[in-house]
Structure formats: structure tokens, C-alpha cells
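Structure data (compact mmCIF, C-alpha atoms) from protein.txt:
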# COMPACT_ATOMS: atom_id res chain seq x y z
CA MET A 1 12.57 27.23 3.12
CA LYS A 2 14.90 27.21 0.15
CA VAL A 3 13.81 24.68 -2.42
CA ALA A 4 16.47 22.05 -3.02
CA TRP A 5 16.01 21.32 -6.70
CA SER A 6 18.40 18.41 -6.83
CA THR A 7 16.61 16.71 -3.93
CA LEU A 8 13.25 17.24 -5.64
CA GLN A 9 14.69 15.74 -8.80
CA THR A 10 15.97 12.71 -6.91
CA LEU A 11 12.60 12.26 -5.21
CA ALA A 12 10.79 12.50 -8.54
CA VAL A 13 13.02 9.93 -10.23
CA GLN A 14 13.20 7.44 -7.33
CA PHE A 15 9.51 7.43 -6.53
CA SER A 16 8.44 7.28 -10.19
CA LEU A 17 10.48 4.11 -10.58
CA LEU A 18 9.12 2.65 -7.35
CA SER A 19 5.59 3.54 -8.40
CA LEU A 20 5.71 0.98 -11.18
CA LEU A 21 7.09 -1.73 -8.89
CA ALA A 22 4.69 -1.12 -6.00
CA PHE A 23 2.33 -4.07 -6.46
CA GLY A 24 -0.13 -3.78 -3.60
CA GLY A 25 1.08 -0.27 -2.76
CA ALA A 26 3.92 1.38 -0.89
CA ASN A 27 4.19 -1.49 1.61
CA ALA A 28 5.78 -3.60 -1.11
CA VAL A 29 8.56 -1.11 -1.78
CA LEU A 30 9.29 0.01 1.77
CA PRO A 31 12.75 -1.63 1.95
CA GLU A 32 13.80 0.29 -1.16
CA ILE A 33 12.34 3.59 0.13
CA HIS A 34 14.19 2.93 3.40
CA ARG A 35 17.45 2.17 1.58
CA GLN A 36 17.23 5.35 -0.49
CA ALA A 37 16.12 7.60 2.38
CA VAL A 38 18.52 6.32 5.04
CA ALA A 39 21.55 4.71 3.41
CA VAL A 40 21.85 6.32 -0.03
CA HIS A 41 20.73 9.92 0.50
CA GLY A 42 20.88 10.27 4.29
CA TRP A 43 17.63 12.20 4.50
CA MET A 44 16.89 10.63 7.88
CA THR A 45 17.99 8.07 10.44
CA ASP A 46 16.65 4.57 10.83
CA LYS A 47 14.58 5.70 13.82
CA ASP A 48 13.19 8.69 11.92
CA PHE A 49 12.05 6.32 9.20
CA ALA A 50 10.24 4.10 11.69
CA ALA A 51 8.62 7.18 13.24
CA LEU A 52 7.52 8.60 9.89
CA PHE A 53 6.06 5.26 8.91
CA ALA A 54 4.17 5.23 12.20
CA VAL A 55 2.81 8.72 11.49
CA ALA A 56 1.73 7.60 8.01
CA GLN A 57 -0.05 4.60 9.48
CA ALA A 58 -1.83 6.82 11.96
CA ALA A 59 -3.34 8.91 9.15
CA PRO A 60 -6.43 7.74 7.28
CA GLY A 61 -6.19 6.82 3.61
CA PRO A 62 -4.32 4.55 1.20
CA ASN A 63 -0.85 3.25 1.96
CA PHE A 64 1.25 5.57 -0.21
CA LEU A 65 1.39 8.20 2.53
CA VAL A 66 4.80 7.10 3.76
CA SER A 67 6.22 8.44 0.48
CA THR A 68 4.55 11.81 1.16
CA LEU A 69 6.30 12.00 4.53
CA VAL A 70 9.67 10.84 3.22
CA GLY A 71 9.44 13.60 0.60
CA TRP A 72 8.44 16.07 3.29
CA LYS A 73 11.40 15.12 5.49
CA ALA A 74 13.78 15.35 2.54
CA ALA A 75 12.60 18.67 1.07
CA GLY A 76 9.66 20.16 2.96
CA ILE A 77 6.20 20.67 1.45
CA PRO A 78 7.50 20.76 -2.16
CA GLY A 79 9.23 17.45 -1.45
CA ALA A 80 6.01 15.97 -0.06
CA LEU A 81 4.06 16.99 -3.17
CA VAL A 82 6.74 15.82 -5.61
CA ALA A 83 7.18 12.46 -3.86
CA THR A 84 3.41 11.89 -3.73
CA ALA A 85 2.90 12.82 -7.37
CA ALA A 86 5.81 10.60 -8.41
CA MET A 87 4.58 7.70 -6.29
CA CYS A 88 1.00 7.89 -7.60
CA GLY A 89 1.37 9.29 -11.11
CA PRO A 90 3.00 6.50 -13.10
CA SER A 91 0.97 3.66 -11.57
CA CYS A 92 -2.26 5.63 -12.00
CA LEU A 93 -1.53 6.36 -15.66
CA LEU A 94 -0.63 2.72 -16.21
CA THR A 95 -3.85 1.61 -14.55
CA TYR A 96 -5.87 4.07 -16.61
CA TRP A 97 -4.48 2.80 -19.90
CA VAL A 98 -4.17 -0.87 -19.06
CA ALA A 99 -7.55 -1.20 -17.34
CA LYS A 100 -9.44 -0.72 -20.58
CA ALA A 101 -7.49 -3.46 -22.31
CA TRP A 102 -7.61 -5.72 -19.27
CA ASP A 103 -11.36 -5.32 -18.96
CA ARG A 104 -11.71 -7.04 -22.30
CA TYR A 105 -9.35 -9.88 -21.45
CA ARG A 106 -10.24 -10.26 -17.82
CA HIS A 107 -11.20 -13.90 -18.09
CA THR A 108 -8.27 -14.98 -20.22
CA ARG A 109 -5.72 -17.40 -18.93
CA TRP A 110 -2.70 -15.09 -19.21
CA ARG A 111 -4.37 -12.35 -17.19
CA THR A 112 -5.23 -14.68 -14.33
CA ALA A 113 -1.73 -16.18 -14.54
CA ILE A 114 -0.13 -12.74 -14.17
CA ALA A 115 -2.33 -11.89 -11.19
CA ALA A 116 -1.71 -15.28 -9.56
CA GLY A 117 2.03 -15.16 -10.28
CA VAL A 118 2.63 -11.65 -8.98
CA ALA A 119 0.75 -12.29 -5.71
CA PRO A 120 3.34 -14.46 -3.88
CA VAL A 121 6.20 -12.11 -4.84
CA THR A 122 4.17 -9.19 -3.48
CA VAL A 123 3.56 -11.03 -0.21
CA GLY A 124 7.29 -11.75 0.14
CA LEU A 125 8.02 -8.06 -0.44
CA ILE A 126 5.54 -7.01 2.25
CA PHE A 127 7.19 -9.46 4.67
CA SER A 128 10.49 -7.75 3.77
CA SER A 129 8.94 -4.39 4.63
CA ALA A 130 7.78 -5.75 7.96
CA TYR A 131 11.30 -7.03 8.63
CA VAL A 132 12.88 -3.66 7.83
CA LEU A 133 10.36 -1.90 10.09
CA VAL A 134 10.85 -4.36 12.93
CA ARG A 135 14.61 -3.83 12.80
CA ALA A 136 14.15 -0.07 12.81
CA ALA A 137 11.41 0.11 15.44
CA ASP A 138 12.09 -2.65 17.97
CA ALA A 139 15.07 -1.45 19.98
CA ASN A 140 14.32 -3.75 22.92
CA TRP A 141 12.28 -6.82 23.82
CA ARG A 142 9.35 -4.83 25.19
CA LEU A 143 8.91 -3.09 21.86
CA ALA A 144 9.16 -6.46 20.15
CA ILE A 145 6.28 -7.68 22.32
CA VAL A 146 4.20 -4.66 21.25
CA THR A 147 4.93 -5.54 17.61
CA ALA A 148 3.93 -9.16 18.15
CA ALA A 149 0.76 -8.21 20.03
CA SER A 150 -0.26 -5.71 17.37
CA ALA A 151 0.37 -8.27 14.62
CA GLY A 152 -1.67 -10.86 16.51
CA VAL A 153 -4.62 -8.55 17.11
CA ALA A 154 -4.66 -7.34 13.49
CA TYR A 155 -4.34 -10.86 12.11
CA PHE A 156 -6.81 -12.70 14.30
CA THR A 157 -9.48 -10.05 14.92
CA ARG A 158 -11.44 -7.48 12.96
CA VAL A 159 -10.72 -4.68 15.44
CA ASN A 160 -10.02 -1.33 13.75
CA GLN A 161 -6.23 -1.17 13.38
CA LEU A 162 -6.16 2.35 14.74
CA TRP A 163 -6.77 0.86 18.20
CA CYS A 164 -3.51 -1.07 17.98
CA LEU A 165 -1.67 2.18 17.32
CA ILE A 166 -3.50 4.05 20.08
CA ALA A 167 -2.74 1.29 22.58
CA ALA A 168 0.91 1.26 21.48
CA ALA A 169 1.10 5.05 21.87
CA ALA A 170 -0.37 4.82 25.37
CA LEU A 171 2.10 2.10 26.36
CA GLY A 172 4.95 4.16 24.97
CA LEU A 173 3.78 7.27 26.79
CA SER A 174 3.54 5.39 30.07
CA GLY A 175 7.27 4.72 29.93
CA LEU A 176 6.79 0.95 30.12
CA LEU A 177 8.58 0.44 26.80
CA ALA A 178 11.81 2.26 27.72
CA ALA A 179 14.98 0.21 27.44
CA GLY A 180 15.92 -1.75 30.52
CA MET B 1 -11.95 -26.95 -11.66
CA THR B 2 -10.62 -24.06 -13.62
CA ASP B 3 -9.18 -26.05 -16.49
CA ALA B 4 -12.24 -25.33 -18.62
CA ALA B 5 -11.65 -23.15 -21.69
CA PRO B 6 -11.79 -19.45 -20.77
CA PRO B 7 -15.06 -17.80 -21.78
CA PRO B 8 -14.79 -15.36 -24.69
CA PRO B 9 -14.18 -11.72 -23.76
CA LYS B 10 -17.38 -9.81 -23.16
CA PRO B 11 -17.79 -6.08 -22.61
CA VAL B 12 -17.33 -5.03 -19.01
CA HIS B 13 -20.47 -4.65 -16.95
CA ILE B 14 -21.36 -1.05 -16.04
CA THR B 15 -24.41 -0.46 -13.86
CA ASP B 16 -26.86 2.31 -14.72
CA ALA B 17 -25.99 4.00 -11.44
CA LEU B 18 -22.30 4.09 -12.35
CA HIS B 19 -23.09 5.29 -15.84
CA ALA B 20 -25.01 8.21 -14.34
CA ALA B 21 -22.29 9.11 -11.80
CA ARG B 22 -20.77 12.56 -12.26
CA PRO B 23 -17.24 13.68 -11.22
CA ARG B 24 -18.60 15.52 -8.18
CA ALA B 25 -20.34 12.39 -6.86
CA LEU B 26 -17.21 10.32 -7.54
CA PHE B 27 -15.07 12.85 -5.69
CA LEU B 28 -17.34 12.84 -2.64
CA ALA B 29 -17.72 9.06 -2.52
CA PHE B 30 -13.97 8.46 -2.61
CA LEU B 31 -13.34 11.28 -0.15
CA SER B 32 -15.59 9.56 2.32
CA ILE B 33 -13.90 6.20 1.65
CA ALA B 34 -10.50 7.77 2.33
CA LEU B 35 -11.55 9.34 5.60
CA SER B 36 -13.21 6.26 7.02
CA GLY B 37 -10.33 3.88 6.50
CA PHE B 38 -7.35 3.44 8.77
CA GLY B 39 -4.99 0.73 7.61
CA GLY B 40 -7.54 -1.07 5.49
CA VAL B 41 -9.63 1.13 3.21
CA LEU B 42 -11.01 -1.70 1.09
CA PRO B 43 -13.92 -2.80 3.29
CA PHE B 44 -15.14 0.80 3.28
CA ALA B 45 -14.70 1.05 -0.48
CA ARG B 46 -16.82 -2.05 -0.90
CA ARG B 47 -19.56 -0.77 1.36
CA MET B 48 -19.69 2.58 -0.43
CA LEU B 49 -19.45 1.37 -4.03
CA VAL B 50 -21.58 -1.75 -3.75
CA ASP B 51 -24.06 -1.23 -0.91
CA GLN B 52 -24.52 2.52 -0.70
CA ARG B 53 -24.08 3.84 -4.24
CA GLY B 54 -24.88 0.70 -6.23
CA TRP B 55 -22.15 1.63 -8.73
CA LEU B 56 -20.77 -1.91 -8.77
CA THR B 57 -22.42 -5.25 -8.13
CA ALA B 58 -20.66 -7.53 -5.62
CA GLU B 59 -19.35 -9.50 -8.58
CA ASP B 60 -18.12 -6.36 -10.37
CA PHE B 61 -16.30 -5.34 -7.20
CA THR B 62 -14.45 -8.64 -6.82
CA GLU B 63 -13.50 -8.67 -10.49
CA THR B 64 -12.39 -5.05 -10.57
CA LEU B 65 -10.37 -5.53 -7.42
CA SER B 66 -8.55 -8.51 -8.87
CA LEU B 67 -7.68 -6.38 -11.90
CA CYS B 68 -6.37 -3.66 -9.58
CA GLN B 69 -4.27 -6.16 -7.63
CA GLY B 70 -2.45 -7.20 -10.79
CA LEU B 71 -1.23 -3.65 -11.37
CA PRO B 72 1.28 -1.58 -9.36
CA GLY B 73 -0.06 1.01 -6.91
CA PRO B 74 -2.30 0.73 -3.86
CA ASN B 75 -5.35 -1.34 -4.77
CA VAL B 76 -7.85 1.28 -3.69
CA VAL B 77 -6.07 3.98 -5.69
CA ASN B 78 -6.27 1.80 -8.79
CA LEU B 79 -9.91 1.13 -7.96
CA SER B 80 -10.65 4.86 -7.98
CA ILE B 81 -9.02 5.19 -11.42
CA VAL B 82 -10.95 2.27 -12.92
CA VAL B 83 -14.34 3.13 -11.41
CA GLY B 84 -13.96 6.81 -12.31
CA SER B 85 -12.99 6.01 -15.87
CA ARG B 86 -15.92 3.64 -16.35
CA ALA B 87 -18.29 6.35 -15.14
CA CYS B 88 -17.04 9.28 -17.20
CA GLY B 89 -13.57 8.82 -18.63
CA TRP B 90 -10.44 10.61 -17.44
CA ARG B 91 -12.46 13.31 -15.67
CA GLY B 92 -14.08 10.62 -13.56
CA SER B 93 -10.69 9.07 -12.76
CA LEU B 94 -9.24 12.42 -11.79
CA ALA B 95 -12.23 13.28 -9.59
CA ALA B 96 -12.23 9.90 -7.82
CA LEU B 97 -8.46 9.97 -7.34
CA SER B 98 -8.39 13.49 -5.90
CA GLY B 99 -11.25 12.62 -3.58
CA LEU B 100 -9.31 9.59 -2.38
CA ILE B 101 -5.86 11.09 -1.88
CA GLY B 102 -6.39 14.85 -1.33
CA ALA B 103 -7.48 14.91 2.29
CA PRO B 104 -5.10 12.14 3.49
CA ILE B 105 -2.14 14.06 1.99
CA VAL B 106 -3.08 17.21 3.89
CA ILE B 107 -3.68 15.26 7.11
CA VAL B 108 -0.43 13.32 6.93
CA ILE B 109 1.63 16.45 6.22
CA ALA B 110 -0.03 18.14 9.21
CA LEU B 111 0.79 15.12 11.38
CA GLY B 112 4.35 15.14 10.03
CA MET B 113 4.70 18.81 10.97
CA LEU B 114 3.41 18.08 14.47
CA TRP B 115 6.00 15.33 14.74
CA GLY B 116 8.69 17.68 13.39
CA ARG B 117 7.75 20.31 15.96
CA PHE B 118 7.12 18.18 19.04
CA GLY B 119 8.94 14.98 18.12
CA ALA B 120 11.95 15.95 20.22
CA LEU B 121 9.90 16.12 23.44
CA ALA B 122 10.44 13.10 25.66
CA GLU B 123 6.71 12.25 25.83
CA ALA B 124 6.24 12.49 22.08
CA ARG B 125 9.33 10.37 21.50
CA ARG B 126 8.12 7.68 23.86
CA ALA B 127 4.66 7.62 22.27
CA ILE B 128 5.96 7.49 18.71
CA THR B 129 8.40 4.72 19.66
CA GLY B 130 5.41 2.68 20.78
CA VAL B 131 3.39 3.53 17.68
CA ALA B 132 6.31 2.57 15.42
CA ALA B 133 6.51 -0.84 17.08
CA GLY B 134 2.73 -1.27 16.73
CA ALA B 135 2.78 -0.16 13.08
CA ALA B 136 5.47 -2.72 12.26
CA GLY B 137 3.14 -5.37 13.70
CA LEU B 138 0.31 -4.21 11.44
CA VAL B 139 2.51 -4.77 8.39
CA ILE B 140 3.31 -8.30 9.58
CA ALA B 141 -0.43 -8.94 9.89
CA THR B 142 -1.11 -7.53 6.41
CA ALA B 143 1.50 -9.82 4.89
CA ALA B 144 0.22 -12.81 6.85
CA ARG B 145 -3.38 -12.18 5.81
CA MET B 146 -2.35 -11.99 2.17
CA ALA B 147 -0.17 -15.09 2.49
CA GLU B 148 -2.83 -17.23 4.13
CA PRO B 149 -5.14 -17.82 1.10
CA LEU B 150 -2.14 -18.31 -1.21
CA LEU B 151 -0.63 -20.94 1.07
CA ARG B 152 -3.97 -22.65 1.50
CA ARG B 153 -4.75 -22.84 -2.22
CA ARG B 154 -1.36 -23.53 -3.74
CA ALA B 155 1.32 -23.77 -1.10
CA LEU B 156 3.96 -25.43 -3.26
CA ALA B 157 3.78 -22.77 -5.96
CA ALA B 158 3.51 -19.78 -3.62
CA ALA B 159 5.79 -20.52 -0.64
CA PRO B 160 9.13 -20.58 -2.52
CA PHE B 161 8.41 -17.19 -4.11
CA ILE B 162 7.26 -15.64 -0.84
CA ALA B 163 10.43 -16.90 0.85
CA ALA B 164 12.74 -15.91 -2.01
CA ALA B 165 11.34 -12.37 -2.26
CA PHE B 166 11.63 -11.99 1.52
CA VAL B 167 15.23 -13.16 1.69
CA ALA B 168 16.33 -11.24 -1.40
CA VAL B 169 14.82 -7.87 -0.49
CA GLY B 170 14.38 -8.02 3.29
CA VAL B 171 17.54 -9.84 4.37
CA LEU B 172 20.02 -9.43 1.51
CA ARG B 173 18.67 -5.98 0.51
CA LEU B 174 19.07 -6.69 -3.19
CA PRO B 175 17.64 -4.04 -5.56
CA LEU B 176 13.87 -4.37 -5.76
CA GLY B 177 13.53 -4.12 -9.53
CA LEU B 178 16.00 -6.93 -10.11
CA VAL B 179 14.27 -9.15 -7.59
CA ILE B 180 10.83 -8.62 -9.16
CA LEU B 181 12.21 -9.12 -12.67
CA GLY B 182 14.05 -12.22 -11.48
CA LEU B 183 11.15 -13.86 -9.62
CA ALA B 184 7.87 -12.73 -11.19
CA PRO B 185 8.38 -14.37 -14.63
CA PHE B 186 8.94 -17.79 -13.02
CA SER B 187 6.02 -17.35 -10.66
CA ILE B 188 3.77 -16.29 -13.55
CA ALA B 189 4.97 -19.18 -15.70
CA LEU B 190 4.16 -21.60 -12.89
CA ALA B 191 0.69 -20.09 -12.47
CA TRP B 192 0.22 -20.38 -16.24
CA ARG B 193 1.11 -24.08 -16.30
CA ARG B 194 -0.95 -24.97 -13.24
CA PRO B 195 -3.84 -22.56 -12.78
CA ALA B 196 -5.00 -22.37 -9.16

This structure in C-alpha cells:
Amino acid sequence: MKVAWSTLQTLAVQFSLLSLLAFGGANAVLPEIHRQAVAVHGWMTDKDFAALFAVAQAAPGPNFLVSTLVGWKAAGIPGALVATAAMCGPSCLLTYWVAKAWDRYRHTRWRTAIAAGVAPVTVGLIFSSAYVLVRAADANWRLAIVTAASAGVAYFTRVNQLWCLIAAAALGLSGLLAAG
Amino acid sequence: MTDAAPPPPKPVHITDALHAARPRALFLAFLSIALSGFGGVLPFARRMLVDQRGWLTAEDFTETLSLCQGLPGPNVVNLSIVVGSRACGWRGSLAALSGLIGAPIVIVIALGMLWGRFGALAEARRAITGVAAGAAGLVIATAARMAEPLLRRRALAAAPFIAAAFVAVGVLRLPLGLVILGLAPFSIALAWRRPA
């Protein structure tokens, strides 16, 4: 596959910026990744995005993997590597440098205020991500029920989340979730 | 409760076990954390770092995690950087990080290729449609679980910012950076004036 340098450049710039805003990880910046990938650059459709997010959730590991797949969809393996490096690099460097300073001040009032102040904004951003995913994934009321059931199981029980995805895949495969 | 004067800074606690940890051991420990966790990796990280390796005490873990939560990036990724660096500097960070993210990257690209190859088949499309709906639900649950302690401890300070961030980014689709810059300073100022 021919390497699309301009796409790689865009991926590098966009994900580096998002990296520094991703409090709590990629889930906090999903609406922006979605906007860039679907509306701004047209790398994929809304449904593709929902599917790629599902694939990322089905893989083990931390929650930056959706950026790997968006990069992959946009520009193949080089895109996946560039997007991943851009998504992880800046925040990792920041953590590396800041952690040493923060270790010394970890009990100070301003550090706890920053952590406590950022938390509600992060939660609101993750709700936004959920909203964007619901709109992309739930094409009919049956799918909406699957979403609600999966949310309920994950919230109220300690069942491994992979089971929610496996059950949802089985329901989908059975044809019960088709529009109608 | 927490209005007492903050204690003076003291050097961070590093266990002997962590001090003795080499890059190879860090790499393997975080590799195993990465491969055991679907959705939530943190419980596995805690079991490995606290119970199995003894690199962090339970108290160290909670403290380190709260530091990681105040910085951008997935918490467990930040955790690998901090733990690795405390053990043996940047080489430790690099080893822990590559252990944590290397295998998942390969796996997710392989899954993506499978989807690219077979995603057009009717069966695969039906299954992935179901998984996408389920995955959206998992994100709702993640947000709700994070919201619950905030709303219980300081509902009046947290709820407006949760709602504002949701409406601004989720519904109005305003640029993320602007929203964070617009909301976080006020939220931090409020937390500063009235510590939880």
C-alpha cells in the first residue's frame, strides 16, 4: 500500500493534540476522534467508527486502542503506528516529567484541587463519548436495549466486560437485532 | 475533615522490591497486566503490582493512581511510566510501557484486519452491529461508575461540570480543547475553595 504522507501527518498532529487532553484515556476524547475521522477527514462512516470502537473494546489492553484502529483505517499499518505513537507519546512524556515533581507535592492542596477539579469534566466527556457511540451504534430499538442491558450489567455487577460483548455478538449473529 | 494543614512534602515511598526491579521484570509484569484485562485493566494492575510483585504497597498504589488520574492518558499507561521510572529511570518506563501496549497493538491491528477482510459478510456485520451496541453500553457504565463517587461526595460541585461537559462536547459538539479550557479552571477553583 502506498503511504499517504499527508494523512500520516494529519494523524500525527491530531492525535498528539488529543493525547494531552485525554484525561482518563481515549474514552474522554472519542467525540473529537469521531468528528475528525468521520466529518472532517472522511476516513470512515459513522457505522465504521462504531464497529472499529467495538473491535478495540474486544481487544485486551488499555483504552487507547481505538486510536490505533482509526489510524489503521485511515492509512494502513503505518497509520496505526503513527496514530498510536501520537496518542501515547505526548501524555507519556508529560507523565514522565511531571510525575517526579508531583511526587514531591502530592499532598499539597493545589495538587488535590487539580485532581478533584478535572474529575467531573472527565466524567462529562466520557458521557459525551457514550452518547456519540450510542447514536452511531443503535440504529433501532433492539440495539438500544442491548446497549442498556450491557450498561446495566457492567454497572451493577463485577462480571468480566468481555461477556457483555460476547453476548451482544451472539445476539447480533442470531439475527434478532435486525431492523424491524 | 480535610481542612487540616497539608503535611510537608516527603520523599516518595519506594519499596525494596521495586528498587530491585529490572526492565525485563517490568516488561513482563506489564505485559501480563495488559493481556489479562478486558475493559478494565486496573484491578489486574493492582493485583500484580501490590499482591504478586510487592512493588507498591496498597497505599502507594492508591496514591500513585490518583497522581495518574490527574494527568492526560489512560491511567494504567501513566501508571506504567511512573512505576517504571521509580524502579530504574527512563529505561524502566520504556520497558513497562512497551510491555503494556506492545501486544494489545498487535492484537487490535490483527482484529482490525479480520474486520476489514470479513466485515462485509452478512454474519460478521450482524455480529459487529451487536458488539458495537454492547460496547456503547460499557462506556455508559464506565462514566456512571466514575460519576457515582463524585456525586455522592460533592454533588453540587460536580454535577454542573459533568452536565456542562456532556452538553458542550456530546450534544453541541464544541471543540474539546475549548471546552476543557473553559470548564476545568472553574471546576479546579471550586475544588480549591471547598476541598472534598

Hey, which of B:Ser98, B:Ser80, B:Ser187, B:Ser32 ends up closest to chain A? Count only C-alpha atoms. B:Ser187

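Considering the residues A:Arg35, A:Arg104, A:His41, A:Lys47 and counting only C-alpha atoms, Val134 of chain A has its shortest atom-to-atom contact with A:Lys47.
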
Can you write out as a Markdown table which residues of chain B fall within 6 Å of chain A, alongside each residue's closest atom pair and its distance in Å to one decimal, counting all atoms listed in the file and ordering rows by chain and ascending residue number?
| residue | atom | partner | partner_atom | distance |
| --- | --- | --- | --- | --- |
| B:Pro6 | CA | A:Thr108 | CA | 5.7 |
| B:Pro9 | CA | A:Arg104 | CA | 5.5 |
| B:Val12 | CA | A:Asp103 | CA | 6.0 |
| B:Ala34 | CA | A:Gly61 | CA | 4.6 |
| B:Leu35 | CA | A:Pro60 | CA | 5.6 |
| B:Gly37 | CA | A:Pro60 | CA | 5.5 |
| B:Phe38 | CA | A:Pro60 | CA | 4.6 |
| B:Gly70 | CA | A:Ala115 | CA | 4.7 |
| B:Pro72 | CA | A:Phe23 | CA | 4.0 |
| B:Gly73 | CA | A:Gly25 | CA | 4.5 |
| B:Pro74 | CA | A:Gly25 | CA | 3.7 |
| B:Asn75 | CA | A:Gly24 | CA | 5.9 |
| B:Pro104 | CA | A:Gly61 | CA | 5.4 |
| B:Val108 | CA | A:Ala59 | CA | 5.7 |
| B:Glu123 | CA | A:Leu173 | CA | 5.9 |
| B:Arg126 | CA | A:Gly172 | CA | 4.9 |
| B:Ala127 | CA | A:Gly172 | CA | 4.4 |
| B:Gly130 | CA | A:Gly172 | CA | 4.5 |
| B:Val131 | CA | A:Ala169 | CA | 5.0 |
| B:Ala132 | CA | A:Ala54 | CA | 4.7 |
| B:Ala133 | CA | A:Thr147 | CA | 5.0 |
| B:Gly134 | CA | A:Thr147 | CA | 4.9 |
| B:Ala135 | CA | A:Ala54 | CA | 5.6 |
| B:Ala136 | CA | A:Leu133 | CA | 5.4 |
| B:Gly137 | CA | A:Ala151 | CA | 4.1 |
| B:Leu138 | CA | A:Ala151 | CA | 5.2 |
| B:Val139 | CA | A:Ala130 | CA | 5.4 |
| B:Ile140 | CA | A:Ala130 | CA | 5.4 |
| B:Ala141 | CA | A:Ala151 | CA | 4.8 |
| B:Ala143 | CA | A:Ile126 | CA | 5.6 |
| B:Ala158 | CA | A:Pro120 | CA | 5.3 |
| B:Phe161 | CA | A:Val121 | CA | 5.6 |
| B:Ile162 | CA | A:Gly124 | CA | 4.0 |
| B:Ala165 | CA | A:Gly124 | CA | 4.7 |
| B:Phe166 | CA | A:Gly124 | CA | 4.6 |
| B:Gly170 | CA | A:Ser128 | CA | 3.9 |
| B:Ala184 | CA | A:Val118 | CA | 5.8 |
| B:Ser187 | CA | A:Gly117 | CA | 4.6 |
| B:Ile188 | CA | A:Gly117 | CA | 3.9 |
| B:Ala191 | CA | A:Ala113 | CA | 5.0 |
| B:Trp192 | CA | A:Ala113 | CA | 4.9 |

Keeping only C-alpha atoms, write the selected residues as a PDB file, in the coordinates of the input.
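Wrote it out as result.pdb, contents follow:
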ATOM      1  CA  PRO B   6     -11.790 -19.450 -20.770  1.00  0.00           C
ATOM      2  CA  PRO B   9     -14.180 -11.720 -23.760  1.00  0.00           C
ATOM      3  CA  VAL B  12     -17.330  -5.030 -19.010  1.00  0.00           C
ATOM      4  CA  ALA B  34     -10.500   7.770   2.330  1.00  0.00           C
ATOM      5  CA  LEU B  35     -11.550   9.340   5.600  1.00  0.00           C
ATOM      6  CA  GLY B  37     -10.330   3.880   6.500  1.00  0.00           C
ATOM      7  CA  PHE B  38      -7.350   3.440   8.770  1.00  0.00           C
ATOM      8  CA  GLY B  70      -2.450  -7.200 -10.790  1.00  0.00           C
ATOM      9  CA  PRO B  72       1.280  -1.580  -9.360  1.00  0.00           C
ATOM     10  CA  GLY B  73      -0.060   1.010  -6.910  1.00  0.00           C
ATOM     11  CA  PRO B  74      -2.300   0.730  -3.860  1.00  0.00           C
ATOM     12  CA  ASN B  75      -5.350  -1.340  -4.770  1.00  0.00           C
ATOM     13  CA  PRO B 104      -5.100  12.140   3.490  1.00  0.00           C
ATOM     14  CA  VAL B 108      -0.430  13.320   6.930  1.00  0.00           C
ATOM     15  CA  GLU B 123       6.710  12.250  25.830  1.00  0.00           C
ATOM     16  CA  ARG B 126       8.120   7.680  23.860  1.00  0.00           C
ATOM     17  CA  ALA B 127       4.660   7.620  22.270  1.00  0.00           C
ATOM     18  CA  GLY B 130       5.410   2.680  20.780  1.00  0.00           C
ATOM     19  CA  VAL B 131       3.390   3.530  17.680  1.00  0.00           C
ATOM     20  CA  ALA B 132       6.310   2.570  15.420  1.00  0.00           C
ATOM     21  CA  ALA B 133       6.510  -0.840  17.080  1.00  0.00           C
ATOM     22  CA  GLY B 134       2.730  -1.270  16.730  1.00  0.00           C
ATOM     23  CA  ALA B 135       2.780  -0.160  13.080  1.00  0.00           C
ATOM     24  CA  ALA B 136       5.470  -2.720  12.260  1.00  0.00           C
ATOM     25  CA  GLY B 137       3.140  -5.370  13.700  1.00  0.00           C
ATOM     26  CA  LEU B 138       0.310  -4.210  11.440  1.00  0.00           C
ATOM     27  CA  VAL B 139       2.510  -4.770   8.390  1.00  0.00           C
ATOM     28  CA  ILE B 140       3.310  -8.300   9.580  1.00  0.00           C
ATOM     29  CA  ALA B 141      -0.430  -8.940   9.890  1.00  0.00           C
ATOM     30  CA  ALA B 143       1.500  -9.820   4.890  1.00  0.00           C
ATOM     31  CA  ALA B 158       3.510 -19.780  -3.620  1.00  0.00           C
ATOM     32  CA  PHE B 161       8.410 -17.190  -4.110  1.00  0.00           C
ATOM     33  CA  ILE B 162       7.260 -15.640  -0.840  1.00  0.00           C
ATOM     34  CA  ALA B 165      11.340 -12.370  -2.260  1.00  0.00           C
ATOM     35  CA  PHE B 166      11.630 -11.990   1.520  1.00  0.00           C
ATOM     36  CA  GLY B 170      14.380  -8.020   3.290  1.00  0.00           C
ATOM     37  CA  ALA B 184       7.870 -12.730 -11.190  1.00  0.00           C
ATOM     38  CA  SER B 187       6.020 -17.350 -10.660  1.00  0.00           C
ATOM     39  CA  ILE B 188       3.770 -16.290 -13.550  1.00  0.00           C
ATOM     40  CA  ALA B 191       0.690 -20.090 -12.470  1.00  0.00           C
ATOM     41  CA  TRP B 192       0.220 -20.380 -16.240  1.00  0.00           C
TER      42      TRP B 192
END

Find the axis-aligned box for segment 35-50 of chain A, covering all its listed atoms and adding 4 Å on each side, and write its centre and edge lengths in Å to one decimal as JSON.
{"center_x": 16.0, "center_y": 7.2, "center_z": 6.7, "size_x": 19.6, "size_y": 18.0, "size_z": 22.3}

Since fewer atoms than expected are present, regenerate N, CA and C atoms for segment 104-114 of chain B and write them as a CSV table (one decimal), keeping the file's coordinate frame.
chain,number,residue,atom,x,y,z
B,104,PRO,N,-6.2,12.8,2.8
B,104,PRO,CA,-5.1,12.1,3.5
B,104,PRO,C,-3.7,12.8,3.4
B,105,ILE,N,-3.4,13.4,2.2
B,105,ILE,CA,-2.1,14.1,2.0
B,105,ILE,C,-2.0,15.2,2.9
B,106,VAL,N,-3.1,16.1,3.0
B,106,VAL,CA,-3.1,17.2,3.9
B,106,VAL,C,-2.9,16.8,5.3
B,107,ILE,N,-3.7,15.7,5.7
B,107,ILE,CA,-3.7,15.3,7.1
B,107,ILE,C,-2.3,14.7,7.5
B,108,VAL,N,-1.7,13.9,6.6
B,108,VAL,CA,-0.4,13.3,6.9
B,108,VAL,C,0.7,14.4,7.0
B,109,ILE,N,0.6,15.4,6.1
B,109,ILE,CA,1.6,16.4,6.2
B,109,ILE,C,1.5,17.2,7.5
B,110,ALA,N,0.2,17.5,7.9
B,110,ALA,CA,0.0,18.1,9.2
B,110,ALA,C,0.5,17.3,10.4
B,111,LEU,N,0.3,16.0,10.3
B,111,LEU,CA,0.8,15.1,11.4
B,111,LEU,C,2.3,15.1,11.4
B,112,GLY,N,2.9,15.1,10.2
B,112,GLY,CA,4.4,15.1,10.0
B,112,GLY,C,4.9,16.4,10.6
B,113,MET,N,4.2,17.5,10.4
B,113,MET,CA,4.7,18.8,11.0
B,113,MET,C,4.6,18.8,12.5
B,114,LEU,N,3.5,18.2,13.0
B,114,LEU,CA,3.4,18.1,14.5
B,114,LEU,C,4.6,17.3,15.0
